[in-house]
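Undergrad: Have a peek at model.txt (compact mmCIF, C-alpha atoms and all ligand atoms).
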```txt
# COMPACT_ATOMS: atom_id res chain seq x y z
CA MET A 1 -99.33 53.79 7.25
CA ASN A 2 -98.09 56.42 9.66
CA PRO A 3 -98.46 59.81 7.94
CA VAL A 4 -95.84 61.45 10.14
CA ALA A 5 -93.16 58.81 9.58
CA PRO A 6 -90.09 60.37 7.95
CA VAL A 7 -89.79 59.51 4.27
CA LYS A 8 -86.39 58.23 3.32
CA PRO A 9 -85.41 59.78 -0.01
CA PHE A 10 -84.46 57.36 -2.76
CA ILE A 11 -80.76 57.66 -3.45
CA ALA A 12 -79.54 56.09 -6.66
CA ARG A 13 -76.16 54.43 -6.77
CA GLY A 14 -73.50 56.91 -7.81
CA SER A 15 -75.79 59.84 -7.08
CA ARG A 16 -73.00 61.70 -5.28
CA ILE A 17 -71.14 62.04 -8.57
CA GLU A 18 -71.58 65.48 -10.09
CA ARG A 19 -73.40 64.83 -13.32
CA CYS A 20 -73.76 66.81 -16.53
CA PRO A 21 -77.43 67.90 -16.51
CA ARG A 22 -77.78 67.18 -20.24
CA CYS A 23 -76.22 63.75 -20.87
CA LEU A 24 -76.46 62.64 -17.19
CA LEU A 25 -72.92 61.27 -17.30
CA GLY A 26 -70.33 62.36 -14.76
CA GLN A 27 -68.76 65.73 -15.64
CA ARG A 28 -65.50 64.10 -16.71
CA ALA A 29 -67.31 61.62 -18.96
CA CYS A 30 -69.69 64.18 -20.53
CA ILE A 31 -70.41 63.39 -24.22
CA CYS A 32 -72.18 66.63 -25.09
CA GLU A 33 -69.35 67.87 -27.34
CA TYR A 34 -70.24 65.02 -29.75
CA LYS A 35 -73.90 65.90 -29.94
CA ILE A 36 -74.86 66.20 -33.62
CA ALA A 37 -78.44 67.54 -33.31
CA GLY A 38 -79.15 66.81 -36.98
CA GLN A 39 -82.12 65.26 -38.69
CA ALA A 40 -82.69 61.68 -39.82
CA GLU A 41 -84.96 60.52 -42.61
CA ALA A 42 -87.39 59.23 -40.01
CA CYS A 43 -88.80 60.95 -36.95
CA PHE A 44 -88.64 59.12 -33.63
CA VAL A 45 -91.16 59.30 -30.82
CA LEU A 46 -90.24 57.80 -27.49
CA LEU A 47 -92.92 56.78 -25.07
CA MET A 48 -90.75 56.62 -22.02
CA HIS A 49 -91.57 54.70 -18.89
CA HIS A 50 -91.21 57.12 -15.98
CA ASN A 51 -88.53 54.93 -14.38
CA GLU A 52 -86.28 55.55 -17.37
CA ARG A 53 -86.26 59.28 -17.16
CA PHE A 54 -83.35 59.82 -14.82
CA LYS A 55 -81.45 56.62 -15.49
CA PRO A 56 -77.97 57.43 -16.79
CA THR A 57 -78.03 54.09 -18.66
CA ASN A 58 -81.09 55.07 -20.71
CA THR A 59 -80.11 55.14 -24.38
CA GLY A 60 -83.37 56.63 -25.69
CA ARG A 61 -82.10 60.12 -25.05
CA LEU A 62 -79.11 59.46 -27.32
CA ILE A 63 -81.57 59.41 -30.22
CA ALA A 64 -82.79 62.89 -29.24
CA ASP A 65 -79.18 64.14 -29.05
CA CYS A 66 -78.49 62.97 -32.60
CA PHE A 67 -81.81 64.00 -34.15
CA SER A 68 -83.25 67.13 -32.64
CA ASP A 69 -86.84 66.61 -33.82
CA THR A 70 -87.13 63.47 -31.68
CA LYS A 71 -90.11 63.68 -29.34
CA ILE A 72 -90.06 62.19 -25.87
CA PHE A 73 -93.27 61.70 -23.90
CA GLU A 74 -93.69 60.07 -20.56
CA TRP A 75 -95.90 57.04 -21.03
CA SER A 76 -99.31 57.07 -19.42
CA ARG A 77 -101.69 54.12 -19.64
CA THR A 78 -104.81 56.23 -19.90
CA GLU A 79 -103.74 59.83 -20.50
CA PRO A 80 -101.49 60.15 -23.53
CA ALA A 81 -100.04 63.60 -24.23
CA PRO A 82 -102.29 65.57 -26.63
CA GLU A 83 -99.20 66.42 -28.70
CA PHE A 84 -98.52 62.71 -29.16
CA LEU A 85 -102.08 62.11 -30.40
CA GLN A 86 -101.73 65.04 -32.80
CA LEU A 87 -98.57 63.52 -34.25
CA LEU A 88 -100.44 60.30 -34.97
CA GLN A 89 -102.93 62.33 -37.02
CA ASP A 90 -100.31 64.43 -38.82
CA VAL A 91 -100.60 63.74 -42.58
CA ARG A 92 -96.88 64.27 -43.11
CA TYR A 93 -96.04 61.13 -41.17
CA GLN A 94 -96.65 57.42 -41.43
CA PRO A 95 -96.68 56.14 -37.83
CA TYR A 96 -95.26 52.73 -37.00
CA LEU A 97 -95.31 51.20 -33.54
CA VAL A 98 -92.04 49.32 -33.17
CA PHE A 99 -92.51 46.00 -31.42
CA PRO A 100 -91.65 42.31 -31.94
CA GLU A 101 -94.06 40.15 -33.88
CA GLY A 102 -96.86 38.35 -32.01
CA ASP A 103 -99.55 35.85 -32.96
CA ASP A 104 -102.51 37.76 -31.60
CA TYR A 105 -101.81 40.95 -33.57
CA GLN A 106 -100.66 39.51 -36.89
CA HIS A 107 -103.25 41.62 -38.67
CA ARG A 108 -101.43 44.77 -37.50
CA MET A 109 -97.97 43.70 -38.62
CA VAL A 110 -96.64 45.69 -41.59
CA THR A 111 -93.38 46.05 -43.47
CA TYR A 112 -91.80 49.32 -44.53
CA ASP A 113 -93.04 50.12 -48.02
CA GLY A 114 -90.89 53.15 -48.79
CA SER A 115 -93.96 55.39 -48.98
CA GLN A 116 -93.67 59.11 -49.62
CA LYS A 117 -94.53 60.00 -46.05
CA ARG A 118 -91.80 60.36 -43.47
CA PRO A 119 -91.82 57.36 -41.13
CA LEU A 120 -92.75 58.16 -37.54
CA PHE A 121 -91.27 55.38 -35.44
CA ILE A 122 -92.83 55.01 -32.00
CA LEU A 123 -90.48 53.33 -29.56
CA LEU A 124 -91.57 52.02 -26.17
CA ASP A 125 -88.67 52.97 -23.95
CA GLY A 126 -88.43 50.86 -20.82
CA THR A 127 -87.37 47.39 -19.75
CA TRP A 128 -88.76 44.56 -21.84
CA ARG A 129 -91.46 43.90 -19.23
CA GLN A 130 -92.46 47.54 -19.08
CA ALA A 131 -92.53 47.80 -22.88
CA ARG A 132 -94.80 44.77 -23.10
CA ARG A 133 -97.14 46.32 -20.57
CA MET A 134 -97.13 49.61 -22.47
CA PHE A 135 -97.89 47.78 -25.71
CA ARG A 136 -100.74 45.72 -24.26
CA HIS A 137 -102.44 48.23 -22.01
CA SER A 138 -102.46 51.52 -23.92
CA SER A 139 -105.77 51.61 -25.78
CA TYR A 140 -104.62 54.57 -27.90
CA LEU A 141 -101.87 52.40 -29.43
CA GLN A 142 -104.17 49.55 -30.43
CA GLY A 143 -105.04 50.85 -33.90
CA LEU A 144 -101.45 51.51 -34.98
CA PRO A 145 -99.58 49.39 -37.49
CA VAL A 146 -96.79 47.39 -35.86
CA ILE A 147 -93.38 47.07 -37.42
CA THR A 148 -90.51 44.88 -36.33
CA LEU A 149 -86.88 44.82 -37.35
CA PRO A 150 -86.25 42.51 -40.28
CA GLU A 151 -83.37 40.58 -38.78
CA LEU A 152 -81.99 41.14 -35.32
CA PRO A 153 -78.23 41.15 -35.05
CA SER A 154 -77.00 38.26 -32.89
CA SER A 155 -76.31 40.36 -29.83
CA SER A 156 -76.41 43.88 -28.53
CA ARG A 157 -73.23 45.92 -28.29
CA TYR A 158 -74.65 47.46 -25.17
CA HIS A 159 -73.26 45.93 -22.03
CA LEU A 160 -74.36 48.33 -19.34
CA ARG A 161 -77.62 46.53 -18.79
CA LYS A 162 -78.30 42.85 -19.13
CA ALA A 163 -80.57 41.92 -22.00
CA VAL A 164 -83.45 39.71 -20.95
CA GLU A 165 -83.30 37.69 -24.14
CA PRO A 166 -80.39 37.13 -26.51
CA GLY A 167 -80.62 39.36 -29.54
CA GLN A 168 -82.50 42.03 -27.64
CA LEU A 169 -81.24 45.48 -28.48
CA CYS A 170 -81.27 48.67 -26.48
CA THR A 171 -83.43 51.58 -27.65
CA ALA A 172 -80.66 53.47 -29.50
CA GLU A 173 -79.61 50.32 -31.35
CA VAL A 174 -83.21 49.65 -32.40
CA ALA A 175 -83.44 53.20 -33.79
CA ALA A 176 -80.17 52.76 -35.73
CA GLU A 177 -81.44 49.46 -37.18
CA LEU A 178 -84.67 51.15 -38.24
CA LEU A 179 -82.74 53.89 -40.04
CA ALA A 180 -80.62 51.29 -41.82
CA MET A 181 -83.84 49.49 -42.79
CA ILE A 182 -85.31 52.57 -44.50
CA GLY A 183 -82.02 53.31 -46.26
CA ASP A 184 -80.75 56.16 -44.04
CA GLY A 185 -77.28 54.66 -43.65
CA VAL A 186 -75.69 57.92 -42.53
CA GLY A 187 -78.32 58.49 -39.85
CA ALA A 188 -77.72 54.94 -38.58
CA GLU A 189 -73.97 55.51 -38.58
CA VAL A 190 -74.24 58.79 -36.67
CA LEU A 191 -76.42 57.23 -34.00
CA MET A 192 -74.20 54.17 -33.61
CA ALA A 193 -71.07 56.34 -33.37
CA TYR A 194 -72.66 58.49 -30.66
CA PHE A 195 -73.83 55.33 -28.89
CA GLU A 196 -70.28 53.93 -28.96
CA VAL A 197 -68.91 57.15 -27.46
CA PHE A 198 -71.58 56.97 -24.76
CA ASN A 199 -70.69 53.34 -23.98
CA GLU A 200 -66.98 54.12 -23.83
CA HIS A 201 -67.41 57.16 -21.58
CA TYR A 202 -69.84 55.42 -19.27
CA ARG A 203 -67.57 52.44 -18.78
CA ALA A 204 -64.40 54.51 -18.44
CA ALA A 205 -66.06 56.54 -15.69
CA ARG A 206 -67.30 53.45 -13.91
CA LEU A 207 -63.89 51.77 -14.00
CA SER A 208 -62.06 55.07 -13.29
CA ARG A 209 -59.86 54.65 -16.34
CA PRO A 210 -58.88 57.34 -18.88
CA LEU A 211 -61.17 58.02 -21.82
CA ASN A 212 -60.19 56.53 -25.16
CA GLU A 213 -59.66 59.52 -27.46
CA GLU A 214 -58.59 57.41 -30.45
CA MET A 215 -61.95 55.87 -31.20
CA PRO A 216 -62.94 56.06 -34.89
CA ALA A 217 -66.47 56.94 -33.73
CA LYS A 218 -65.18 60.17 -32.17
CA GLY A 219 -63.25 61.06 -35.33
CA PHE A 220 -66.35 60.48 -37.45
CA LEU A 221 -68.58 62.65 -35.26
CA LYS A 222 -66.00 65.43 -35.06
CA GLN A 223 -65.69 65.48 -38.86
CA LEU A 224 -69.45 65.85 -39.18
CA LEU A 225 -69.56 68.60 -36.55
CA GLU A 226 -66.75 70.51 -38.30
CA LEU A 227 -68.53 70.13 -41.60
CA ALA A 228 -71.75 71.41 -40.05
CA SER A 229 -70.01 74.44 -38.58
CA ASP A 230 -68.39 75.16 -41.99
CA VAL A 231 -71.81 75.02 -43.61
CA GLU A 232 -73.06 77.45 -40.99
CA HIS A 233 -70.22 79.90 -41.62
CA LYS A 234 -70.23 79.71 -45.41
CA GLY A 235 -73.97 79.64 -45.79
CA HIS A 236 -76.13 76.74 -46.80
CA GLY A 237 -75.73 77.20 -50.55
CA THR A 238 -72.02 76.35 -50.54
CA ILE A 239 -70.90 73.14 -52.15
CA ILE A 240 -68.72 71.26 -49.72
CA ASP A 241 -65.77 69.17 -50.76
CA GLN A 242 -66.68 65.67 -49.67
CA ALA A 243 -63.41 64.04 -50.73
CA ASP A 244 -62.09 63.52 -47.21
CA LEU A 245 -65.37 62.58 -45.68
CA HIS A 246 -66.40 59.01 -46.15
CA VAL A 247 -70.03 59.85 -46.53
CA SER A 248 -72.30 59.93 -49.55
CA PRO A 249 -73.53 63.11 -51.29
CA GLU A 250 -76.93 62.41 -49.71
CA ALA A 251 -75.17 62.66 -46.38
CA ALA A 252 -73.85 66.09 -47.30
CA ALA A 253 -77.40 67.17 -47.99
CA GLY A 254 -78.33 65.79 -44.60
CA ASP A 255 -75.47 67.62 -42.93
CA ALA A 256 -76.69 70.90 -44.32
CA ARG A 257 -79.65 70.46 -42.02
CA VAL A 258 -77.45 70.07 -39.01
CA GLN A 259 -77.94 73.06 -36.79
ZN ZN A 301 -72.95 66.22 -21.00
```
Any chance you could give the structure as structure tokens?
TA:
Amino acid sequence: MNPVAPVKPFIARGSRIERCPRCLLGQRACICEYKIAGQAEACFVLLMHHNERFKPTNTGRLIADCFSDTKIFEWSRTEPAPEFLQLLQDVRYQPYLVFPEGDDYQHRMVTYDGSQKRPLFILLDGTWRQARRMFRHSSYLQGLPVITLPELPSSSRYHLRKAVEPGQLCTAEVAAELLAMIGDGVGAEVLMAYFEVFNEHYRAARLSRPLNEEMPAKGFLKQLLELASDVEHKGHGTIIDQADLHVSPEAAAGDARVQ
């Protein structure tokens, strides 16, 4: 290797577009106004492959936009973040490593038992190949119970990246399925609505067509955001009229936590 050879910088496709620094979408397609920043009944931890970090098509960060206590760590094979290891020891949480079932780790497979502890779902955020490598080669993950989704929907609604296998979901969809599995229907709905808005904006920008403002997902998120801002103005003790909002009373309690 010639040490003085000029290094050609890596330029991603579409890198000349001016992007929103938060959602990484083009300025015109920015989805930040729909960001809920609430709290789900589970906590999510993303171990992110470093290639994912600046990819605009990464859906892991949508989870963090919806639920502000989501933790994102860059994956390292041998040097996990100390904060990640602390979370695994935290008595408030029951950690679950989310991964498909496999013959050679049957003894680690568990099902959600509705325990008192808040579930801590660890998601391996990368391509399927990267996730498999992360799962197999990180010694600090070997002792963790592994949980898989009960029944995968027939196909992903995410079309920006090709799934390697049919039925394979993107990271945000997996998180929404996990919330539905533990009974947090509102959390799942919020995440899927935000994901739909992301999909719509990403595709509209790519095809240079106008944004669809009539999507039910946008209406749903706006209602929640208005409700959250009302709660903020009136104080958290106020009882909110839920008649027009198609969410359960539990959801209203959840909304009160929205910042
Ligand atoms: Zn944005």
Undergrad: Name the residues in contact with Arg77 in chain A at a cut-off of 8 Å, using all atoms listed in the file, excluding same-chain residues fewer than 2 positions from it; report them as a PDB file with C-alpha atoms, keeping the file's coordinate frame.
TA:
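That gives us around-v8.pdb:
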```pdb
ATOM      1  CA  TRP A  75     -95.900  57.040 -21.030  1.00  0.00           C
ATOM      2  CA  GLU A  79    -103.740  59.830 -20.500  1.00  0.00           C
ATOM      3  CA  PRO A  80    -101.490  60.150 -23.530  1.00  0.00           C
ATOM      4  CA  MET A 134     -97.130  49.610 -22.470  1.00  0.00           C
ATOM      5  CA  HIS A 137    -102.440  48.230 -22.010  1.00  0.00           C
ATOM      6  CA  SER A 138    -102.460  51.520 -23.920  1.00  0.00           C
ATOM      7  CA  SER A 139    -105.770  51.610 -25.780  1.00  0.00           C
TER       8      SER A 139
END
```
Undergrad: Could you list, as a list in words, all residues that come within 10 Å of ligand ZN 301 (chain A)? Count all atoms listed in the file.
TA: Arg19, Cys20, Pro21, Arg22, Cys23, Leu24, Leu25, Gly26, Gln27, Arg28, Ala29, Cys30, Ile31, Cys32, Glu33, Tyr34 and Lys35 of chain A
Undergrad: May I ask for the distance between CA of Ile36 in chain A and CA of Ala131 in chain A, given in Å to one decimal place?
TA: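 Atom-to-atom, CA of Ile36 in chain A to CA of Ala131 in chain A, that is 27.7 Å.
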Undergrad: What is the CA of Cys43 in chain A to CA of His233 in chain A distance in Å?
TA: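 Separation of CA of Cys43 in chain A and CA of His233 in chain A: 26.9 Å.
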Undergrad: Measure the distance from CA of Glu52 in chain A to CA of Val190 in chain A in Å and round it to one decimal.
TA: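 Going from CA of Glu52 in chain A over to CA of Val190 in chain A covers 23.0 Å.
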Undergrad: Residues around (-82.7, 60.3, -42.3), cut-off 10 Å, counting all atoms listed in the file - what are they as a PyMOL selection string?
TA: chain A and resi 38-43+67+118-119+179-180+182-188+250-251+254
